[in-house]
Amino acid sequence: MADNNKIVCTNIWKLFGPDEKRIKENLDPNLSIKEVQEKTGHVVAVKNVSFSIQKGETFVVMGLSGSGKSTLVRCISRLIEPTSGTVKMDDIDVTKMSGGELLDLRRNKMSMVFQHFGLFPHRTVVENIAYGLEIRGNKKQERTDKAMEVLKMVGLDGWQNNYPRELSGGMQQRVGLARALAVDPEILIFDEPFSALDPLIRREMQDELLKLQEKLQKTMVFITHDFLEAIKMGDHIAIMKDGEVSQVGTPEEIVANPKDQYVKDFCEDVPKYKVLSAGKVMRKECCDDTKKLYGDKSHCILDNSKIETLIDKLVDSDKSFPVVCSDTGDLLGEIDRAIVMKSMKSAS
C-alpha cells in the first residue's frame with residue numbers, strides 16, 4: 001500500500017566524474033556503462049533506479065561486486081549525493097534537505113551497520129554502544145542505561161567493560177548492531193554486515209537479526225552479494241547488475257519466476273523447497289478425491305505453507321491434498337508427492 005511506504009526512490013542516477021550533472025542532462029540512456037565511460041570519461045554507478053520500501057520490512061539490495069548496490073544505498077542516506085532523482089522518507093524529500101536536516105535525520109532516524117564493524121578501539125563495549133547517544137547529547141547515566149539494555153538484547157551481557165580487540169569478529173559485529181539499535185532508529189542500513197564472518201558465526205548472526213526484527217519491526221535496508229543470504233533475510237529483494245535493478249520481488253517471486261538469465265543463474269543453487277509455497281507449485285485442476293477432501297474440510301493445506309514444512313506429510317502418501325486460500329479458505333488447487341519432489345530439485 002502506498003501509505004505504508006517508508007522509503008521511495010525514484011529515477012536515481014549516480015555518475016562519478018568532474019561534470020556529472022551536465023553529462024547526465026545530455027546522456028543517451030541507451031548507451032552502455034562502457035560506452036558512457038569511453039565517450040564522456042564518467043562512470044555510471046547507478047542508472048535510473050526506482051523502488052519503494054515498506055515500513056517494518058527488510059529490503060535486500062543484492063548484487064555482485066561493482067553492481068552499484070553500495071552506491072545506491074549510500075544515495076538513500078546521502079552519504080553519496082545522487083546525480084539526479086529523488087529519495088523520500090515518510091514523504092519528505094531527502095535530496096532537498098539542508099545540512100542541518102540531514103544531520104538530524106542521521107542522528108535520530110537512521111543508523112548504519114558496517115562490514116568491518118567500525119568500532120572505536122580505545123572505547124569499551126558499552127562506550128561504543130552509547131556513542132550515538134553521546135553525539136545526540138543524552139546524559140551519561142541515561143546513555144549507559146540504554147547501552148546496557150541493548151547490550152543484553154544482542155547477547156553481550158557481561159562484556160560491557162571489554163575492549164573491541166578482546167572480542168571475536170561475531171561479537172564485534174554484535175557491538176556494531178547494538179550501537180545502531182541504541183539510538184532507536186526507524187531505519188537500519190546494513191552494508192554487507194556479515195560477509196567478513198566465518199560461515200557458522202554468519203548464520204548465527206543472521207538468525208539473531210531475524211529474531212530481533214520479529215520483535216522490533218524496524219525498516220531495514222540490507223546490502224549483500226550472497227543470494228542465499230538475500231532470500232533468507234529479505235521480505236523483498238532488488239537484484240542489481242551494472243547499476244540497474246534487474247528484478248524486484250519477494251524471495252518466492254524471484255525464485256519461481258526469474259526475469260532474465262542473470263537472475264536465473266543466482267536461483268540455480270537455491271533449495272527451492274525452502275522458498276516456494278504450496279500456492280506457487282500446486283496444480284490448479286483438482287481430481288474428485290481432492291474435491292471430496294476439501295468438502296470434508298480434511299487434510300487441507302494453506303497456500304502460503306512452505307514446501308519444506310509439507311515434506312513429511314506428502315512424501316509417504318499417494319494422495320493429492322487440497323490447497324486452500326489462507327485468507328478465504330477457498331479451494332485453489334491440489335498438491336501431491338510428485339509436485340513436492342519436483343520442487344526439491346535445485347535446477348528448474
# chains A, B, ... in the order shown; residues from 1 in each chain; ligands from 1
>>> select_by_dssp(residues="range 239-294 of chain A", states="strand (DSSP E)", output="number ranges by chain")
A: 239-241, 244-249
>>> residues_around(residues="Gly155 in chain A", least_positions_apart="2", cutoff="10 Å", atoms="only C-alpha atoms", output="list in words")
Val150, Leu151, Lys152, Met153, Asp157, Gly158, Trp159, Met171, Arg174, Val175, Ala178 and Glu208 of chain A
>>> write_last_selection(atoms="C-alpha atoms", output="PDB file, in the first residue's frame")
ATOM      1  CA  VAL A 150      20.664  -3.087  24.113  1.00  0.00           C
ATOM      2  CA  LEU A 151      23.840  -4.972  25.069  1.00  0.00           C
ATOM      3  CA  LYS A 152      21.662  -7.642  26.731  1.00  0.00           C
ATOM      4  CA  MET A 153      19.355  -7.685  23.699  1.00  0.00           C
ATOM      5  CA  ASP A 157      25.750  -9.309  28.808  1.00  0.00           C
ATOM      6  CA  GLY A 158      28.954  -9.377  30.891  1.00  0.00           C
ATOM      7  CA  TRP A 159      31.182  -7.955  28.131  1.00  0.00           C
ATOM      8  CA  MET A 171      30.966 -10.364  18.997  1.00  0.00           C
ATOM      9  CA  ARG A 174      27.051  -7.603  17.796  1.00  0.00           C
ATOM     10  CA  VAL A 175      28.525  -4.420  19.284  1.00  0.00           C
ATOM     11  CA  ALA A 178      23.847  -2.759  19.400  1.00  0.00           C
ATOM     12  CA  GLU A 208      19.876 -13.303  15.624  1.00  0.00           C
TER      13      GLU A 208
END
>>> select_by_dssp(residues="range 24-269 of chain A", states="alpha helix (DSSP H)", output="PyMOL selection string")
chain A and resi 24-25+33-40+69-77+99-108+125-129+131-136+140-153+169-182+199-216+227-233+251-256+261-267
>>> closest_atom_pairs(of="range 8-49 of chain A", to="range 72-75 of chain A", cutoff="10 Å", atoms="only C-alpha atoms", output="Markdown table")
| residue | atom | partner | partner_atom | distance |
| --- | --- | --- | --- | --- |
| A:Cys9 | CA | A:Cys75 | CA | 9.5 |
| A:Ile12 | CA | A:Leu72 | CA | 8.0 |
| A:Trp13 | CA | A:Leu72 | CA | 8.6 |
| A:Lys14 | CA | A:Leu72 | CA | 7.9 |
| A:Ala45 | CA | A:Leu72 | CA | 8.1 |
| A:Val46 | CA | A:Leu72 | CA | 6.3 |
| A:Lys47 | CA | A:Leu72 | CA | 9.4 |
| A:Val49 | CA | A:Leu72 | CA | 8.4 |
>>> atom_distance(atom1="CA of Cys267 in chain A", atom2="CA of Phe227 in chain A")
7.9 Å
